[in-house]
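protein.tsv (TSV, C-alpha atoms)
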chain	number	residue	atom	x	y	z
N	89	MET	CA	-28.46	4.23	-17.14
N	90	ASN	CA	-29.24	7.12	-14.83
N	91	SER	CA	-32.97	6.68	-14.30
N	92	MET	CA	-33.23	10.11	-12.69
N	93	ARG	CA	-32.59	11.61	-16.11
N	94	VAL	CA	-35.65	9.87	-17.53
N	95	ALA	CA	-38.39	10.13	-14.90
N	96	GLN	CA	-38.54	13.92	-14.83
N	97	SER	CA	-41.11	16.61	-15.48
N	98	LEU	CA	-41.47	17.44	-19.17
N	99	THR	CA	-43.85	20.41	-19.16
N	100	TYR	CA	-43.73	23.62	-17.12
N	101	LEU	CA	-46.73	25.92	-17.60
N	102	PHE	CA	-46.61	29.61	-16.66
N	103	VAL	CA	-49.65	31.37	-15.23
N	104	PRO	CA	-49.65	35.04	-14.14
N	105	GLY	CA	-49.76	35.39	-10.37
N	106	ASN	CA	-52.41	38.10	-10.60
N	107	ARG	CA	-54.86	35.91	-12.54
N	108	PRO	CA	-56.26	33.58	-9.85
N	109	GLU	CA	-59.12	32.55	-12.14
N	110	ARG	CA	-56.51	30.72	-14.23
N	111	PHE	CA	-54.73	28.89	-11.41
N	112	ALA	CA	-56.98	25.83	-11.24
N	113	LYS	CA	-57.16	25.60	-15.03
N	114	ALA	CA	-53.37	25.54	-15.19
N	115	LEU	CA	-53.20	22.79	-12.59
N	116	ALA	CA	-55.77	20.78	-14.56
N	117	SER	CA	-54.01	21.33	-17.91
N	118	GLY	CA	-51.90	18.18	-17.72
N	119	ALA	CA	-48.69	20.13	-17.13
N	120	ASP	CA	-46.23	18.34	-14.91
N	121	ARG	CA	-45.41	21.60	-13.11
N	122	VAL	CA	-47.21	24.95	-12.88
N	123	ILE	CA	-45.17	28.13	-12.50
N	124	LEU	CA	-47.02	30.91	-10.68
N	125	ASP	CA	-45.35	34.00	-12.05
N	126	LEU	CA	-44.45	37.07	-9.99
N	127	GLU	CA	-42.08	38.45	-12.61
N	128	ASP	CA	-42.57	39.39	-16.28
N	129	ALA	CA	-46.25	38.45	-16.52
N	130	VAL	CA	-47.21	40.75	-13.64
N	131	ALA	CA	-46.81	44.55	-13.56
N	132	PRO	CA	-44.72	45.74	-10.58
N	133	ALA	CA	-47.73	47.57	-9.12
N	134	ASP	CA	-49.72	44.31	-9.11
N	135	ARG	CA	-47.14	42.02	-7.52
N	136	ALA	CA	-48.28	42.46	-3.92
N	137	GLN	CA	-51.81	41.57	-5.01
N	138	ALA	CA	-50.43	38.56	-6.88
N	139	ARG	CA	-48.66	37.26	-3.78
N	140	GLY	CA	-51.92	37.50	-1.86
N	141	ALA	CA	-53.87	35.72	-4.59
N	142	ILE	CA	-51.33	32.89	-4.69
N	143	ALA	CA	-51.35	32.54	-0.92
N	144	ASP	CA	-55.17	32.37	-0.79
N	145	TRP	CA	-55.35	29.72	-3.52
N	146	VAL	CA	-52.49	27.56	-2.28
N	147	GLY	CA	-54.22	27.36	1.10
N	148	THR	CA	-57.02	25.38	-0.55
N	149	LEU	CA	-54.77	22.74	-2.17
N	150	THR	CA	-53.67	19.28	-1.16
N	151	LEU	CA	-50.01	18.67	-0.43
N	152	GLN	CA	-49.78	16.63	-3.64
N	153	ASP	CA	-51.03	19.52	-5.78
N	154	CYS	CA	-48.88	22.01	-3.93
N	155	ALA	CA	-45.80	19.91	-4.74
N	156	ARG	CA	-46.41	20.52	-8.46
N	157	LEU	CA	-46.13	24.29	-8.04
N	158	LEU	CA	-43.23	26.66	-8.45
N	159	VAL	CA	-43.24	30.40	-7.96
N	160	ARG	CA	-41.07	32.48	-10.28
N	161	ILE	CA	-39.70	35.29	-8.16
N	162	ASN	CA	-37.99	38.46	-9.32
N	163	ASP	CA	-34.22	38.59	-9.78
N	164	VAL	CA	-31.89	39.96	-7.13
N	165	THR	CA	-31.56	43.35	-8.84
N	166	SER	CA	-35.32	43.95	-8.80
N	167	PRO	CA	-36.85	46.10	-6.05
N	168	CYS	CA	-39.50	43.37	-5.76
N	169	HIS	CA	-36.99	40.63	-4.93
N	170	VAL	CA	-36.79	41.31	-1.20
N	171	ASP	CA	-40.59	41.34	-0.89
N	172	ASP	CA	-40.80	38.05	-2.80
N	173	VAL	CA	-38.20	36.39	-0.58
N	174	PHE	CA	-39.76	37.49	2.69
N	175	TRP	CA	-43.18	36.41	1.44
N	176	LEU	CA	-41.76	32.94	0.83
N	177	GLN	CA	-41.16	32.50	4.54
N	178	SER	CA	-44.89	32.19	5.17
N	179	SER	CA	-45.75	30.27	1.99
N	180	PRO	CA	-46.23	26.49	1.82
N	181	ILE	CA	-44.65	26.50	-1.65
N	182	ASN	CA	-41.05	25.36	-1.38
N	183	HIS	CA	-40.07	25.16	-5.05
N	184	ILE	CA	-38.85	28.41	-6.56
N	185	MET	CA	-37.80	29.54	-10.04
N	186	LEU	CA	-35.19	32.29	-9.67
N	187	SER	CA	-35.19	34.78	-12.53
N	188	LYS	CA	-31.92	35.87	-14.14
N	189	CYS	CA	-29.81	33.72	-11.84
N	190	GLU	CA	-26.12	34.57	-12.20
N	191	SER	CA	-24.34	32.85	-9.30
N	192	PRO	CA	-24.65	30.04	-6.75
N	193	ALA	CA	-24.62	32.72	-4.04
N	194	GLN	CA	-27.98	33.96	-5.32
N	195	VAL	CA	-29.38	30.44	-5.00
N	196	ALA	CA	-28.07	30.15	-1.44
N	197	GLN	CA	-29.51	33.55	-0.54
N	198	VAL	CA	-33.02	32.48	-1.56
N	199	LEU	CA	-32.75	29.11	0.16
N	200	ALA	CA	-31.71	30.82	3.39
N	201	HIS	CA	-35.26	32.19	3.65
N	202	MET	CA	-37.00	28.90	2.86
N	203	PRO	CA	-37.78	25.73	4.83
N	204	SER	CA	-35.43	22.75	4.85
N	205	GLY	CA	-35.94	20.56	1.81
N	206	SER	CA	-36.79	23.45	-0.51
N	207	SER	CA	-35.37	23.64	-4.02
N	208	VAL	CA	-34.52	26.28	-6.59
N	209	LEU	CA	-34.80	26.08	-10.35
N	210	PRO	CA	-32.36	28.73	-11.61
N	211	LEU	CA	-33.47	30.47	-14.79
N	212	ILE	CA	-30.37	31.30	-16.85
N	213	GLU	CA	-31.15	34.39	-18.94
N	214	THR	CA	-27.94	36.40	-19.20
N	215	VAL	CA	-24.35	36.06	-20.36
N	216	ARG	CA	-23.19	36.17	-16.73
N	217	GLY	CA	-25.58	33.36	-15.96
N	218	VAL	CA	-24.29	31.21	-18.81
N	219	LEU	CA	-20.68	31.80	-17.78
N	220	ALA	CA	-21.57	30.74	-14.22
N	221	ALA	CA	-23.76	27.80	-15.28
N	222	ASN	CA	-21.31	25.15	-14.06
N	223	ALA	CA	-21.15	26.65	-10.57
N	224	ILE	CA	-24.90	27.28	-10.42
N	225	ALA	CA	-25.66	23.70	-11.47
N	226	GLN	CA	-23.50	22.35	-8.64
N	227	ALA	CA	-25.08	24.55	-5.96
N	228	LYS	CA	-26.98	22.77	-3.21
N	229	GLN	CA	-30.69	22.11	-3.67
N	230	VAL	CA	-30.77	23.07	-7.34
N	231	GLU	CA	-33.57	21.07	-8.95
N	232	ARG	CA	-32.47	21.59	-12.56
N	233	LEU	CA	-31.57	24.51	-14.83
N	234	ALA	CA	-33.80	26.37	-17.27
N	235	PHE	CA	-32.87	28.64	-20.18
N	236	GLY	CA	-34.65	31.95	-20.62
N	237	SER	CA	-33.77	32.23	-24.30
N	238	LEU	CA	-35.81	35.35	-25.07
N	239	ASP	CA	-34.14	37.38	-22.34
N	240	TYR	CA	-30.76	35.99	-23.39
N	241	LEU	CA	-31.29	37.34	-26.90
N	242	LEU	CA	-31.93	40.74	-25.35
N	243	ASP	CA	-28.95	40.57	-23.00
N	244	LEU	CA	-26.50	39.81	-25.80
N	245	ASP	CA	-28.37	42.08	-28.26
N	246	LEU	CA	-28.86	39.25	-30.73
N	247	PRO	CA	-31.22	39.77	-33.68
N	248	GLY	CA	-32.70	36.30	-33.33
N	249	PRO	CA	-31.94	32.60	-32.87
N	250	GLY	CA	-28.68	31.31	-34.28
N	251	PHE	CA	-25.25	30.00	-33.34
N	252	ALA	CA	-24.78	32.31	-30.33
N	253	LEU	CA	-28.07	31.22	-28.78
N	254	ASP	CA	-27.31	27.55	-29.48
N	255	ALA	CA	-23.86	27.90	-27.89
N	256	ALA	CA	-25.40	29.23	-24.69
N	257	ALA	CA	-28.03	26.48	-24.68
N	258	LEU	CA	-25.38	23.80	-25.13
N	259	ALA	CA	-23.31	25.27	-22.29
N	260	ILE	CA	-26.32	25.00	-19.99
N	261	ALA	CA	-27.01	21.42	-21.08
N	262	MET	CA	-23.37	20.46	-20.52
N	263	ALA	CA	-23.32	22.11	-17.08
N	264	SER	CA	-26.45	20.16	-16.16
N	265	ARG	CA	-24.94	16.87	-17.24
N	266	ALA	CA	-21.64	17.54	-15.46
N	267	ALA	CA	-23.56	18.21	-12.24
N	268	ASP	CA	-25.71	15.09	-12.78
N	269	LEU	CA	-28.87	17.19	-12.94
N	270	PRO	CA	-31.79	16.30	-15.21
N	271	PRO	CA	-31.55	17.80	-18.71
N	272	PRO	CA	-32.47	21.49	-18.58
N	273	VAL	CA	-35.80	23.11	-19.41
N	274	ALA	CA	-36.04	24.90	-22.77
N	275	GLY	CA	-37.45	28.40	-23.07
N	276	VAL	CA	-40.94	29.38	-24.15
N	277	THR	CA	-42.28	29.55	-27.69
N	278	PRO	CA	-44.17	32.87	-28.01
N	279	GLU	CA	-46.30	31.55	-30.87
N	280	LEU	CA	-49.23	29.27	-30.07
N	281	ASP	CA	-48.84	27.48	-33.41
N	282	ALA	CA	-48.34	23.78	-32.67
N	283	GLY	CA	-45.89	23.34	-35.51
N	284	GLN	CA	-43.62	26.05	-34.18
N	285	VAL	CA	-43.74	24.56	-30.70
N	286	GLN	CA	-42.75	21.17	-32.13
N	287	ARG	CA	-39.89	22.66	-34.14
N	288	ASP	CA	-38.57	24.61	-31.17
N	289	LEU	CA	-38.71	21.54	-28.97
N	290	ALA	CA	-36.98	19.34	-31.55
N	291	HIS	CA	-34.19	21.90	-31.80
N	292	ALA	CA	-33.87	22.11	-28.01
N	293	ARG	CA	-33.74	18.33	-27.68
N	294	ALA	CA	-30.94	18.24	-30.24
N	295	LEU	CA	-29.00	20.56	-27.89
N	296	GLY	CA	-29.51	18.35	-24.84
N	297	PHE	CA	-32.70	19.74	-23.28
N	298	GLY	CA	-35.29	17.47	-21.70
N	299	ALA	CA	-38.31	19.66	-20.90
N	300	LYS	CA	-40.00	22.84	-22.06
N	301	MET	CA	-41.68	25.88	-20.56
N	302	CYS	CA	-45.16	26.66	-21.91
N	303	ILE	CA	-47.20	29.86	-21.91
N	304	HIS	CA	-50.59	28.36	-22.80
N	305	PRO	CA	-52.36	25.10	-21.87
N	306	THR	CA	-52.63	24.09	-25.54
N	307	GLN	CA	-48.83	23.97	-25.73
N	308	VAL	CA	-48.71	21.40	-22.93
N	309	ALA	CA	-50.35	18.67	-25.01
N	310	VAL	CA	-48.12	19.46	-27.99
N	311	VAL	CA	-44.97	19.13	-25.89
N	312	ARG	CA	-46.09	15.90	-24.23
N	313	GLU	CA	-46.95	14.37	-27.59
N	314	ALA	CA	-43.56	15.35	-28.99
N	315	PHE	CA	-41.83	13.62	-26.08
N	316	THR	CA	-43.91	10.46	-26.42
N	317	PRO	CA	-41.97	7.79	-28.35
N	318	ASP	CA	-43.84	6.72	-31.47
N	319	ALA	CA	-44.73	3.10	-32.28
N	320	GLN	CA	-41.74	2.67	-34.60
N	321	ALA	CA	-39.25	3.88	-32.00
N	322	LEU	CA	-40.81	1.71	-29.30
N	323	ALA	CA	-40.74	-1.38	-31.51
N	324	TRP	CA	-37.07	-0.78	-32.34
N	325	ALA	CA	-36.18	-0.25	-28.69
N	326	GLN	CA	-37.99	-3.43	-27.67
N	327	ARG	CA	-36.19	-5.45	-30.36
N	328	VAL	CA	-32.83	-4.12	-29.20
N	329	VAL	CA	-33.47	-4.91	-25.54
N	330	THR	CA	-34.95	-8.36	-26.27
N	331	GLN	CA	-32.18	-9.44	-28.60
N	332	TRP	CA	-29.49	-8.11	-26.28
N	333	ARG	CA	-30.86	-10.16	-23.42
N	334	GLN	CA	-30.96	-13.22	-25.65
N	335	SER	CA	-27.33	-12.72	-26.67
N	336	ASN	CA	-25.99	-13.48	-23.18
N	337	GLY	CA	-23.92	-10.29	-23.14
N	338	VAL	CA	-21.64	-10.95	-26.13
N	339	GLY	CA	-20.67	-7.25	-26.24
N	340	ALA	CA	-22.17	-6.33	-29.62
N	341	ILE	CA	-25.03	-7.70	-31.69
N	342	GLN	CA	-26.83	-6.89	-34.92
N	343	VAL	CA	-30.41	-5.58	-34.96
N	344	ASP	CA	-32.09	-4.66	-38.24
N	345	GLY	CA	-28.73	-5.02	-39.98
N	346	LYS	CA	-26.97	-2.50	-37.73
N	347	MET	CA	-24.46	-2.99	-34.94
N	348	VAL	CA	-25.77	-2.56	-31.41
N	349	ASP	CA	-23.33	-2.11	-28.55
N	350	LYS	CA	-23.77	-0.87	-24.98
N	351	PRO	CA	-24.47	2.83	-25.78
N	352	VAL	CA	-27.18	1.84	-28.28
N	353	LEU	CA	-28.69	-0.51	-25.71
N	354	LEU	CA	-28.81	2.29	-23.15
N	355	ARG	CA	-30.54	4.51	-25.69
N	356	ALA	CA	-33.15	1.81	-26.29
N	357	GLU	CA	-33.70	1.36	-22.55
N	358	ARG	CA	-34.15	5.10	-22.18
N	359	ILE	CA	-36.83	5.15	-24.89
N	360	LEU	CA	-38.71	2.36	-23.12
N	361	ALA	CA	-38.39	4.17	-19.80
N	362	PHE	CA	-39.82	7.33	-21.35
N	363	SER	CA	-42.73	5.35	-22.74
N	364	ASN	CA	-43.61	4.12	-19.26
N	365	LYS	CA	-44.37	7.73	-18.26
N	366	PHE	CA	-47.30	7.76	-20.66
N	367	ILE	CA	-48.88	4.39	-19.83

If you convert what's in this file into structure tokens, what do you get?
Amino acid sequence: MNSMRVAQSLTYLFVPGNRPERFAKALASGADRVILDLEDAVAPADRAQARGAIADWVGTLTLQDCARLLVRINDVTSPCHVDDVFWLQSSPINHIMLSKCESPAQVAQVLAHMPSGSSVLPLIETVRGVLAANAIAQAKQVERLAFGSLDYLLDLDLPGPGFALDAAALAIAMASRAADLPPPVAGVTPELDAGQVQRDLAHARALGFGAKMCIHPTQVAVVREAFTPDAQALAWAQRVVTQWRQSNGVGAIQVDGKMVDKPVLLRAERILAFSNKFI
């Protein structure tokens, strides 16, 4: 089992870069990662102010807290992109979400302006990005991929979720797996309704995703709960692992009247590994 694919961040919370009064609240929300946004959540006229607000706040943080932060910068076609990239050179934040990423060259261009050891989380939001997902996933210093599903609907002029959106999501998940990256991060749910967040996450998990972007702190708890294995799943996984170990590696055993072979064992071990994140 690839343990790297288990012990990963599950929740990514956006906070507008021009709302410094929300920064500390976002960090205290329980989100694994906080995304300080310089793109859609901030009007172009306010982005310089947002960079300054982020810089002032980050200067007060510990290295441990700073490591949980990403900054979403504008895409390469935006007139704000160059300003974002040059600002990065003097920022202690070395984890970046790149909007509308469409090639590994764009990843390399951003990294060229950042310190050694920095990473990029490409946000795939366009058809060109999906078609280049395999190459982007294999680019150096890519942390994992994320799917900007709302922008993808707009790019392909889709009326709403459906097969075309699922096909793109699956392509991103497959590219991530082929590059041995963690499962990708699912897009945001615009509604704050917990039930809708749960349904969206369940659908994304069925397509191979392993984390979710959030737009409000209340969504963080919903997502974490949805990822937490329930008592029934944990009990099953423990029975599988225990009985397998007692079988002395016979190749296949029966648990609860069903055959268990190596892939089922690995699934059980993965459930137990996930549960350890919440202990």

Would you mind telling me which residue in N:Asp243, N:Asp172, N:Asp281, N:Glu190 lies nearest to Met202 of chain N when using all atoms listed in the file?
->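 Checking each of N:Asp243, N:Asp172, N:Asp281, N:Glu190 against Met202 of chain N, counting all atoms listed in the file, the winner is N:Asp172.
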
Considering all atoms listed in the file, state which residue in the set N:Ala256, N:Val230, N:Ala340, N:Leu280 is at the smallest distance from Asp268 of chain N.
->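 Closest candidate: N:Val230.
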
Point-to-point distance in Å for atom CA of Val218 of chain N and atom CA of Leu126 of chain N =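 Interatomic distance here is 22.8 Å.
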
If you count all atoms listed in the file, which residues fall within 8 Å of segment 142-147 of chain N, apart from same-chain ones fewer than 4 positions away, as a list in words?
->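 The residues that qualify are Gly105, Asn106, Pro108, Phe111, Leu124, Ala138, Cys154, Ser179, Pro180 and Ile181 of chain N.
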
So, counting all atoms listed in the file, which residue among N:Leu151, N:Leu115, N:Val195, N:Leu209 is closest to Val103 of chain N?
->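 Of N:Leu151, N:Leu115, N:Val195, N:Leu209, the one nearest Val103 of chain N, counting all atoms listed in the file, is N:Leu115.
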
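For Leu219 of chain N, the non-local neighbours within 10 Å, defined as residues at least 4 positions apart in the same chain or in other chains and counting all atoms listed in the file, are Glu190, Ser191, Ile212, Thr214, Val215, Ala223, Ile224, Ala256, Ala259 and Ile260 of chain N.
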
Point out the residue among N:Asn222, N:Gln286, N:Gln334, N:Gln342 with the least atom-to-atom distance to Glu313 of chain N, counting all atoms listed in the file.
->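 Closest candidate: N:Gln286.
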
Just the residues within 12 Å of Arg135 of chain N, please, counting only C-alpha atoms, with nothing from its chain fewer than 4 positions along; format it as a PyMOL selection string.
-> chain N and resi 104-107+124-131+139-142+160-162+167-169+171-172+175

Residue with smallest distance to Thr316 of chain N - pool N:Val329, N:Ala361, N:Val198, N:Val276, counting all atoms listed in the file | N:Ala361

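Straight-line separation from atom CA of Pro249 of chain N to atom CA of Ile123 of chain N: 24.7 Å.
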
In Å, rounded to a single decimal, give me how far atom CA of Phe102 of chain N is from atom CA of Ala200 of chain N.
->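 Spanning atom CA of Ala200 of chain N to atom CA of Phe102 of chain N is a straight-line distance of 25.0 Å.
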
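All protein and nucleic acid residues in the vicinity of (-46.6, 22.9, -8.9), that is within 9 Å when counting only C-alpha atoms, are Tyr100, Leu115, Ala119, Asp120, Arg121, Val122, Ile123, Leu124, Gln152, Asp153, Cys154, Ala155, Arg156, Leu157, Leu158, Val159, Ile181 and His183 of chain N.
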
Using all atoms listed in the file, pick whichever of N:Met185, N:Leu233, N:Ala290, N:Ala114 has the shortest atom-to-atom distance to Ala267 of chain N.
->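 Comparing N:Met185, N:Leu233, N:Ala290, N:Ala114 against Ala267 of chain N, the winner is N:Leu233.
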
Give me the residues of segment 230-334 of chain N that have any atom at most 10 Å from an atom of segment 344-349 of chain N; for each, the nearest atom pair and the distance in Å, rounded to one decimal. Use all atoms listed in the file, sort by chain and number, and format it as JSON lines.
{"residue": "N:Trp324", "atom": "CA", "partner": "N:Asp344", "partner_atom": "CA", "distance": 8.6}
{"residue": "N:Arg327", "atom": "CA", "partner": "N:Asp344", "partner_atom": "CA", "distance": 8.9}
{"residue": "N:Val328", "atom": "CA", "partner": "N:Val348", "partner_atom": "CA", "distance": 7.6}
{"residue": "N:Val329", "atom": "CA", "partner": "N:Val348", "partner_atom": "CA", "distance": 10.0}
{"residue": "N:Gln331", "atom": "CA", "partner": "N:Val348", "partner_atom": "CA", "distance": 9.8}
{"residue": "N:Trp332", "atom": "CA", "partner": "N:Val348", "partner_atom": "CA", "distance": 8.4}

Long-range neighbours of Phe297 of chain N as a list in words, 8 Å cut-off, only C-alpha atoms, 6 positions minimum in chain | Ala261, Pro271, Pro272, Val273 and Ala274 of chain N

Around the point (-32.4, 28.3, -7.2), in the coordinates given by the file, pick out the residues reaching within 8 Å, counting all atoms listed in the file, and return them as a PyMOL selection string.
-> chain N and resi 184-186+189+192+194-196+198-199+207-211+229-231

Residues as selected, C-alpha atoms, written as an mmCIF file, keeping the file's coordinate frame, can you do that?
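Below you can see out.cif, which holds the result:
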data_model
loop_
_atom_site.group_PDB
_atom_site.id
_atom_site.type_symbol
_atom_site.label_atom_id
_atom_site.label_comp_id
_atom_site.auth_asym_id
_atom_site.auth_seq_id
_atom_site.Cartn_x
_atom_site.Cartn_y
_atom_site.Cartn_z
ATOM 1 C CA ILE N 184 -38.850 28.410 -6.560
ATOM 2 C CA MET N 185 -37.800 29.540 -10.040
ATOM 3 C CA LEU N 186 -35.190 32.290 -9.670
ATOM 4 C CA CYS N 189 -29.810 33.720 -11.840
ATOM 5 C CA PRO N 192 -24.650 30.040 -6.750
ATOM 6 C CA GLN N 194 -27.980 33.960 -5.320
ATOM 7 C CA VAL N 195 -29.380 30.440 -5.000
ATOM 8 C CA ALA N 196 -28.070 30.150 -1.440
ATOM 9 C CA VAL N 198 -33.020 32.480 -1.560
ATOM 10 C CA LEU N 199 -32.750 29.110 0.160
ATOM 11 C CA SER N 207 -35.370 23.640 -4.020
ATOM 12 C CA VAL N 208 -34.520 26.280 -6.590
ATOM 13 C CA LEU N 209 -34.800 26.080 -10.350
ATOM 14 C CA PRO N 210 -32.360 28.730 -11.610
ATOM 15 C CA LEU N 211 -33.470 30.470 -14.790
ATOM 16 C CA GLN N 229 -30.690 22.110 -3.670
ATOM 17 C CA VAL N 230 -30.770 23.070 -7.340
ATOM 18 C CA GLU N 231 -33.570 21.070 -8.950
#

Around all the atoms of segment 199-204 of chain N listed in the file, draw an axis-aligned box and extend it by 5 Å on each of the six sides; I want its centre and edge lengths in Å to one decimal, as AutoDock Vina command-line options.
--center_x -34.7 --center_y 27.5 --center_z 2.5 --size_x 16.1 --size_y 19.4 --size_z 14.7
